[in-house]
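Asker: Data: query12.cif, mmCIF, C-alpha atoms.
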data_work
loop_
_atom_site.label_atom_id
_atom_site.label_comp_id
_atom_site.auth_asym_id
_atom_site.auth_seq_id
_atom_site.Cartn_x
_atom_site.Cartn_y
_atom_site.Cartn_z
CA MET A 1 -59.34 81.08 -98.23
CA ASP A 2 -61.02 79.04 -95.48
CA SER A 3 -60.97 80.70 -92.05
CA ARG A 4 -61.64 77.49 -90.10
CA SER A 5 -58.84 76.15 -87.95
CA THR A 6 -57.39 72.79 -88.87
CA GLY A 7 -55.72 72.36 -85.51
CA PRO A 8 -52.07 72.34 -84.62
CA ARG A 9 -49.59 71.12 -87.19
CA SER A 10 -46.32 70.84 -85.25
CA LEU A 11 -45.57 68.03 -82.79
CA GLU A 12 -45.29 70.54 -79.93
CA GLY A 13 -48.63 72.08 -80.82
CA LYS A 14 -50.29 68.68 -81.05
CA ALA A 15 -48.84 67.67 -77.68
CA ALA A 16 -50.07 70.90 -76.10
CA SER A 17 -53.56 70.60 -77.59
CA SER A 18 -53.84 67.00 -76.45
CA MET A 19 -53.88 68.35 -72.90
CA ASN A 20 -56.84 70.66 -73.61
CA ARG A 21 -59.84 70.00 -71.41
CA LEU A 22 -57.85 67.60 -69.28
CA VAL A 23 -59.36 69.14 -66.19
CA HIS A 24 -60.72 65.97 -64.57
CA GLY A 25 -59.38 63.15 -66.77
CA CYS A 26 -62.57 61.06 -66.77
CA ARG A 27 -62.72 61.05 -70.56
CA SER A 28 -58.97 60.68 -71.00
CA GLN A 29 -57.49 57.44 -72.23
CA LYS A 30 -54.09 58.34 -70.73
CA LEU A 31 -53.21 55.75 -68.14
CA VAL A 32 -51.52 57.98 -65.58
CA LEU A 33 -52.30 61.68 -65.41
CA ARG A 34 -49.92 64.26 -63.99
CA HIS A 35 -51.60 64.35 -60.59
CA GLU A 36 -51.81 60.53 -60.26
CA ASP A 37 -49.19 58.28 -58.70
CA PRO A 38 -47.52 55.91 -61.21
CA ALA A 39 -46.63 53.55 -58.34
CA GLU A 40 -50.32 53.25 -57.47
CA PHE A 41 -51.10 52.37 -61.09
CA GLU A 42 -48.34 49.73 -61.09
CA ALA A 43 -49.67 48.29 -57.82
CA THR A 44 -53.15 48.05 -59.34
CA MET A 45 -51.80 46.24 -62.40
CA ARG A 46 -49.63 43.92 -60.31
CA GLY A 47 -52.54 43.10 -57.99
CA TRP A 48 -54.75 41.94 -60.85
CA PHE A 49 -51.94 39.94 -62.46
CA GLU A 50 -51.12 38.26 -59.14
CA HIS A 51 -54.78 37.47 -58.52
CA TYR A 52 -55.44 35.84 -61.90
CA ALA A 53 -51.93 34.65 -62.90
CA PRO A 54 -52.87 34.44 -66.60
CA GLN A 55 -51.51 31.40 -68.44
CA ASP A 56 -52.04 32.39 -72.10
CA GLU A 57 -51.83 35.51 -74.27
CA VAL A 58 -55.59 36.05 -74.37
CA ALA A 59 -55.83 35.91 -70.58
CA VAL A 60 -52.86 38.30 -70.27
CA ALA A 61 -54.58 40.80 -72.58
CA LEU A 62 -57.89 40.48 -70.70
CA VAL A 63 -56.23 40.92 -67.29
CA GLU A 64 -54.39 43.98 -68.59
CA GLU A 65 -57.62 45.53 -69.91
CA LEU A 66 -59.42 44.65 -66.67
CA ALA A 67 -56.70 46.34 -64.61
CA LYS A 68 -56.87 49.47 -66.79
CA ALA A 69 -60.67 49.51 -66.51
CA HIS A 70 -60.33 49.25 -62.74
CA TRP A 71 -57.89 52.18 -62.78
CA PHE A 72 -60.29 54.30 -64.87
CA LEU A 73 -63.17 53.32 -62.56
CA LYS A 74 -61.21 54.44 -59.49
CA ARG A 75 -60.44 57.74 -61.26
CA ALA A 76 -64.12 58.31 -62.08
CA GLN A 77 -65.17 57.43 -58.51
CA LYS A 78 -62.68 59.95 -57.10
CA ARG A 79 -63.90 62.70 -59.42
CA LEU A 80 -67.56 62.00 -58.64
CA ALA A 81 -66.78 62.13 -54.93
CA GLU A 82 -65.03 65.49 -55.42
CA VAL A 83 -68.04 66.89 -57.29
CA GLU A 84 -70.47 65.59 -54.65
CA TRP A 85 -68.34 67.15 -51.90
CA GLU A 86 -68.58 70.57 -53.54
CA LEU A 87 -72.37 70.46 -53.99
CA PRO A 88 -74.49 72.52 -51.61
CA MET A 89 -75.99 70.43 -48.81
CA ASN A 90 -79.50 71.53 -49.69
CA ALA A 91 -80.48 70.37 -53.18
CA TYR A 92 -82.82 73.37 -53.49
CA HIS A 93 -79.69 75.54 -53.74
CA TRP A 94 -78.25 73.61 -56.68
CA THR A 95 -77.83 75.56 -59.89
CA ASP A 96 -78.01 74.20 -63.42
CA THR A 97 -74.22 73.93 -63.32
CA HIS A 98 -74.41 71.74 -60.21
CA GLN A 99 -76.99 69.50 -61.86
CA ARG A 100 -74.95 69.23 -65.05
CA LEU A 101 -71.71 68.43 -63.18
CA LEU A 102 -73.36 65.75 -61.08
CA GLY A 103 -75.02 64.22 -64.13
CA ASN A 104 -71.80 64.21 -66.18
CA PHE A 105 -69.63 62.69 -63.48
CA THR A 106 -72.27 60.12 -62.63
CA ARG A 107 -72.31 59.09 -66.30
CA TYR A 108 -68.50 58.87 -66.35
CA LYS A 109 -68.59 56.59 -63.33
CA VAL A 110 -71.38 54.40 -64.72
CA SER A 111 -69.55 54.10 -68.04
CA ALA A 112 -66.33 53.09 -66.25
CA GLU A 113 -68.27 50.54 -64.14
CA ARG A 114 -69.79 48.99 -67.26
CA SER A 115 -66.40 48.74 -68.91
CA PHE A 116 -64.90 47.14 -65.80
CA GLN A 117 -67.78 44.66 -65.51
CA ARG A 118 -67.52 43.77 -69.21
CA TYR A 119 -63.79 42.97 -68.98
CA LEU A 120 -64.33 41.03 -65.75
CA ARG A 121 -67.12 39.00 -67.35
CA ASP A 122 -65.00 38.36 -70.48
CA LEU A 123 -62.00 37.26 -68.42
CA GLU A 124 -64.06 34.94 -66.22
CA ALA A 125 -65.72 33.40 -69.31
CA HIS A 126 -62.31 32.88 -70.94
CA LEU A 127 -60.94 31.21 -67.81
CA ARG A 128 -63.96 28.88 -67.65
CA ARG A 129 -63.49 27.87 -71.30
CA THR A 130 -59.73 27.36 -71.06
CA PRO A 131 -58.55 24.30 -69.14
CA PRO A 132 -55.71 25.05 -66.72
CA LYS A 133 -52.27 24.06 -67.92
CA PRO A 134 -50.65 21.31 -65.87
CA GLU A 135 -47.85 22.49 -63.65
CA THR A 136 -44.57 20.78 -64.47
CA THR A 137 -42.79 21.71 -61.25
CA ARG A 138 -45.17 19.83 -59.00
CA SER A 139 -44.26 16.32 -57.89
CA PRO A 140 -46.90 13.62 -58.30
CA ALA A 141 -49.30 13.24 -55.41
CA PRO A 142 -48.43 10.41 -53.05
CA THR A 143 -50.80 7.45 -53.06
CA ASP A 144 -50.40 6.68 -49.37
CA PRO A 145 -51.12 9.26 -46.66
CA PRO A 146 -48.03 10.47 -44.82
CA GLN A 147 -47.16 8.60 -41.64
CA LEU A 148 -47.28 10.73 -38.52
CA PRO A 149 -44.98 10.00 -35.61
CA ALA A 150 -46.56 8.12 -32.73
CA PRO A 151 -47.49 10.33 -29.75
CA ALA A 152 -45.79 9.87 -26.41
CA GLU A 153 -47.64 7.53 -24.07
CA ASP A 154 -48.55 10.23 -21.57
CA ALA A 155 -49.64 12.82 -24.17
CA PRO A 156 -53.40 13.24 -24.80
CA GLU A 157 -54.73 12.40 -28.23
CA TYR A 158 -55.60 15.50 -30.25
CA LEU A 159 -58.06 15.85 -33.08
CA PRO A 160 -56.37 16.51 -36.44
CA GLY A 161 -55.99 20.27 -37.00
CA SER A 162 -57.11 21.05 -33.45
CA ASN A 163 -55.57 21.94 -30.10
CA CYS A 164 -58.27 20.07 -28.20
CA PRO A 165 -58.00 16.51 -26.93
CA SER A 166 -60.32 14.09 -28.69
CA PRO A 167 -63.58 13.47 -26.78
CA LEU A 168 -64.04 10.17 -28.61
CA PRO A 169 -62.25 6.94 -27.80
CA VAL A 170 -59.20 6.51 -29.95
CA GLU A 171 -58.72 3.19 -31.70
CA ARG A 172 -55.30 1.87 -30.86
CA PRO A 173 -53.37 -0.94 -32.45
CA PRO A 174 -53.33 -4.10 -30.35
CA GLY A 175 -50.69 -4.02 -27.66
CA SER A 176 -50.34 -0.21 -27.44
CA ALA A 177 -50.89 1.65 -24.16
CA PRO A 178 -53.83 4.08 -23.77
CA CYS A 179 -53.06 7.71 -23.00
CA ALA A 180 -53.76 9.15 -19.54
CA SER A 181 -56.90 11.03 -20.62
CA GLU A 182 -58.58 7.76 -21.70
CA ASN A 183 -58.47 6.29 -18.16
CA PRO A 184 -60.15 8.82 -15.90
CA SER A 185 -59.34 8.22 -12.26
CA PRO A 186 -62.32 7.87 -9.88
#
Once you've parsed the file, please lay out its structure as structure tokens.
Answerer:
Amino acid sequence: MDSRSTGPRSLEGKAASSMNRLVHGCRSQKLVLRHEDPAEFEATMRGWFEHYAPQDEVAVALVEELAKAHWFLKRAQKRLAEVEWELPMNAYHWTDTHQRLLGNFTRYKVSAERSFQRYLRDLEAHLRRTPPKPETTRSPAPTDPPQLPAPAEDAPEYLPGSNCPSPLPVERPPGSAPCASENPSP
């Protein structure tokens, strides 16, 4: 008879053992751990989807993977910050355990950064290759510029998009009166 363990066999045992070594979660592929806020995860996902507004299935999948990678990166950054906070101020007082912890959590963070950068690069490349779909709700662009109402005769002429009167002479149609700022009084 073999004395080696083959692991849990029941569903309850498998569920319990899946939580083994889930101390920090940096190697976990679970999206939201017990101590994390599901609303924060949803906000992260929603933010990436609102930013990119994917138009096809491939873009949707890439945005989803990018958002997950960002979530895992934030998790790794938090854990590395916690480890760094607990380290002695003087590096001469670090033990082998301190060195090992810092090295492990730095690797977790670097791995998460690489994954995030890879998905970001893949998404950006996909968006450059895929032409944008035309929007059907938009009305065609007008060929003539919109006509603005004529200013009152005593109002100064303003530069477009500005609150300042125009320092340059304004061309007026023949027969129209100049505004008061164009005729400085002596």
Asker: Can you translate the PyMOL selection byres ((chain A and resi 49-62) around 10) into the concrete residues it hits in this file, as a list of chain:residue names?
Answerer: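 For this structure, the PyMOL selection byres ((chain A and resi 49-62) around 10) resolves to A:Ala43, A:Thr44, A:Met45, A:Arg46, A:Gly47, A:Trp48, A:Val63, A:Glu64, A:Glu65, A:Leu66, A:Ala67, A:Lys68, A:Tyr119, A:Leu120, A:Arg121, A:Asp122, A:Leu123, A:Glu124, A:His126, A:Leu127, A:Thr130, A:Pro132, A:Lys133.
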Asker: Could you check the closest approach to Arg118 of chain A for each of A:Arg75, A:Glu86, A:Ala69, A:Asp96 and tell me which residue wins, using only C-alpha atoms?
Answerer: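 Of all the options, A:Ala69 lies closest to Arg118 of chain A.
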Asker: Once the PyMOL selection byres ((chain A and resi 102-107) around 9) has been evaluated on this model, what residues remain selected, and can you format them as a PyMOL selection string?
Answerer: chain A and resi 26+76-77+79-80+83-84+87+97-101+108-112
Asker: What is the distance, in Å and to one decimal place, between atom CA of His70 of chain A and atom CA of Phe116 of chain A?
Answerer: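 Atom CA of Phe116 of chain A lies at a distance of 5.9 Å from atom CA of His70 of chain A.
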Asker: Rounded to one decimal in Å, what is the spacing between atom CA of Glu113 of chain A and atom CA of Lys78 of chain A?
Answerer: 13.0 Å
Asker: Rounded to one decimal in Å, what is the spacing between atom CA of Glu40 of chain A and atom CA of Phe72 of chain A?
Answerer: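 Calculated distance between atom CA of Glu40 of chain A and atom CA of Phe72 of chain A is 12.5 Å.
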Asker: Please, could N, CA and C atoms be added to segment 3-15 of chain A and the result written as a PDB file, keeping the file's coordinate frame?
Answerer:
ATOM      1  N   SER A   3     -61.374  80.130 -93.340  1.00  0.00           N
ATOM      2  CA  SER A   3     -60.970  80.700 -92.050  1.00  0.00           C
ATOM      3  C   SER A   3     -61.082  79.706 -90.902  1.00  0.00           C
ATOM      4  N   ARG A   4     -61.500  78.484 -91.179  1.00  0.00           N
ATOM      5  CA  ARG A   4     -61.640  77.490 -90.100  1.00  0.00           C
ATOM      6  C   ARG A   4     -60.273  76.934 -89.721  1.00  0.00           C
ATOM      7  N   SER A   5     -60.111  76.710 -88.433  1.00  0.00           N
ATOM      8  CA  SER A   5     -58.840  76.150 -87.950  1.00  0.00           C
ATOM      9  C   SER A   5     -58.777  74.667 -88.255  1.00  0.00           C
ATOM     10  N   THR A   6     -57.609  74.225 -88.624  1.00  0.00           N
ATOM     11  CA  THR A   6     -57.390  72.790 -88.870  1.00  0.00           C
ATOM     12  C   THR A   6     -56.618  72.161 -87.738  1.00  0.00           C
ATOM     13  N   GLY A   7     -56.426  72.903 -86.663  1.00  0.00           N
ATOM     14  CA  GLY A   7     -55.720  72.360 -85.510  1.00  0.00           C
ATOM     15  C   GLY A   7     -54.223  72.557 -85.629  1.00  0.00           C
ATOM     16  N   PRO A   8     -53.518  72.155 -84.611  1.00  0.00           N
ATOM     17  CA  PRO A   8     -52.070  72.340 -84.620  1.00  0.00           C
ATOM     18  C   PRO A   8     -51.406  71.425 -85.651  1.00  0.00           C
ATOM     19  N   ARG A   9     -50.288  71.893 -86.171  1.00  0.00           N
ATOM     20  CA  ARG A   9     -49.590  71.120 -87.190  1.00  0.00           C
ATOM     21  C   ARG A   9     -48.253  70.592 -86.687  1.00  0.00           C
ATOM     22  N   SER A  10     -47.627  71.294 -85.754  1.00  0.00           N
ATOM     23  CA  SER A  10     -46.320  70.840 -85.250  1.00  0.00           C
ATOM     24  C   SER A  10     -46.525  69.809 -84.139  1.00  0.00           C
ATOM     25  N   LEU A  11     -45.491  69.040 -83.863  1.00  0.00           N
ATOM     26  CA  LEU A  11     -45.570  68.030 -82.790  1.00  0.00           C
ATOM     27  C   LEU A  11     -45.794  68.694 -81.433  1.00  0.00           C
ATOM     28  N   GLU A  12     -45.125  69.841 -81.211  1.00  0.00           N
ATOM     29  CA  GLU A  12     -45.290  70.540 -79.930  1.00  0.00           C
ATOM     30  C   GLU A  12     -46.718  71.050 -79.777  1.00  0.00           C
ATOM     31  N   GLY A  13     -47.255  71.591 -80.866  1.00  0.00           N
ATOM     32  CA  GLY A  13     -48.630  72.080 -80.820  1.00  0.00           C
ATOM     33  C   GLY A  13     -49.636  70.972 -80.603  1.00  0.00           C
ATOM     34  N   LYS A  14     -49.402  69.819 -81.237  1.00  0.00           N
ATOM     35  CA  LYS A  14     -50.290  68.680 -81.050  1.00  0.00           C
ATOM     36  C   LYS A  14     -50.215  68.156 -79.618  1.00  0.00           C
ATOM     37  N   ALA A  15     -49.002  68.126 -79.059  1.00  0.00           N
ATOM     38  CA  ALA A  15     -48.840  67.670 -77.680  1.00  0.00           C
ATOM     39  C   ALA A  15     -49.547  68.614 -76.714  1.00  0.00           C
TER      40      ALA A  15
END
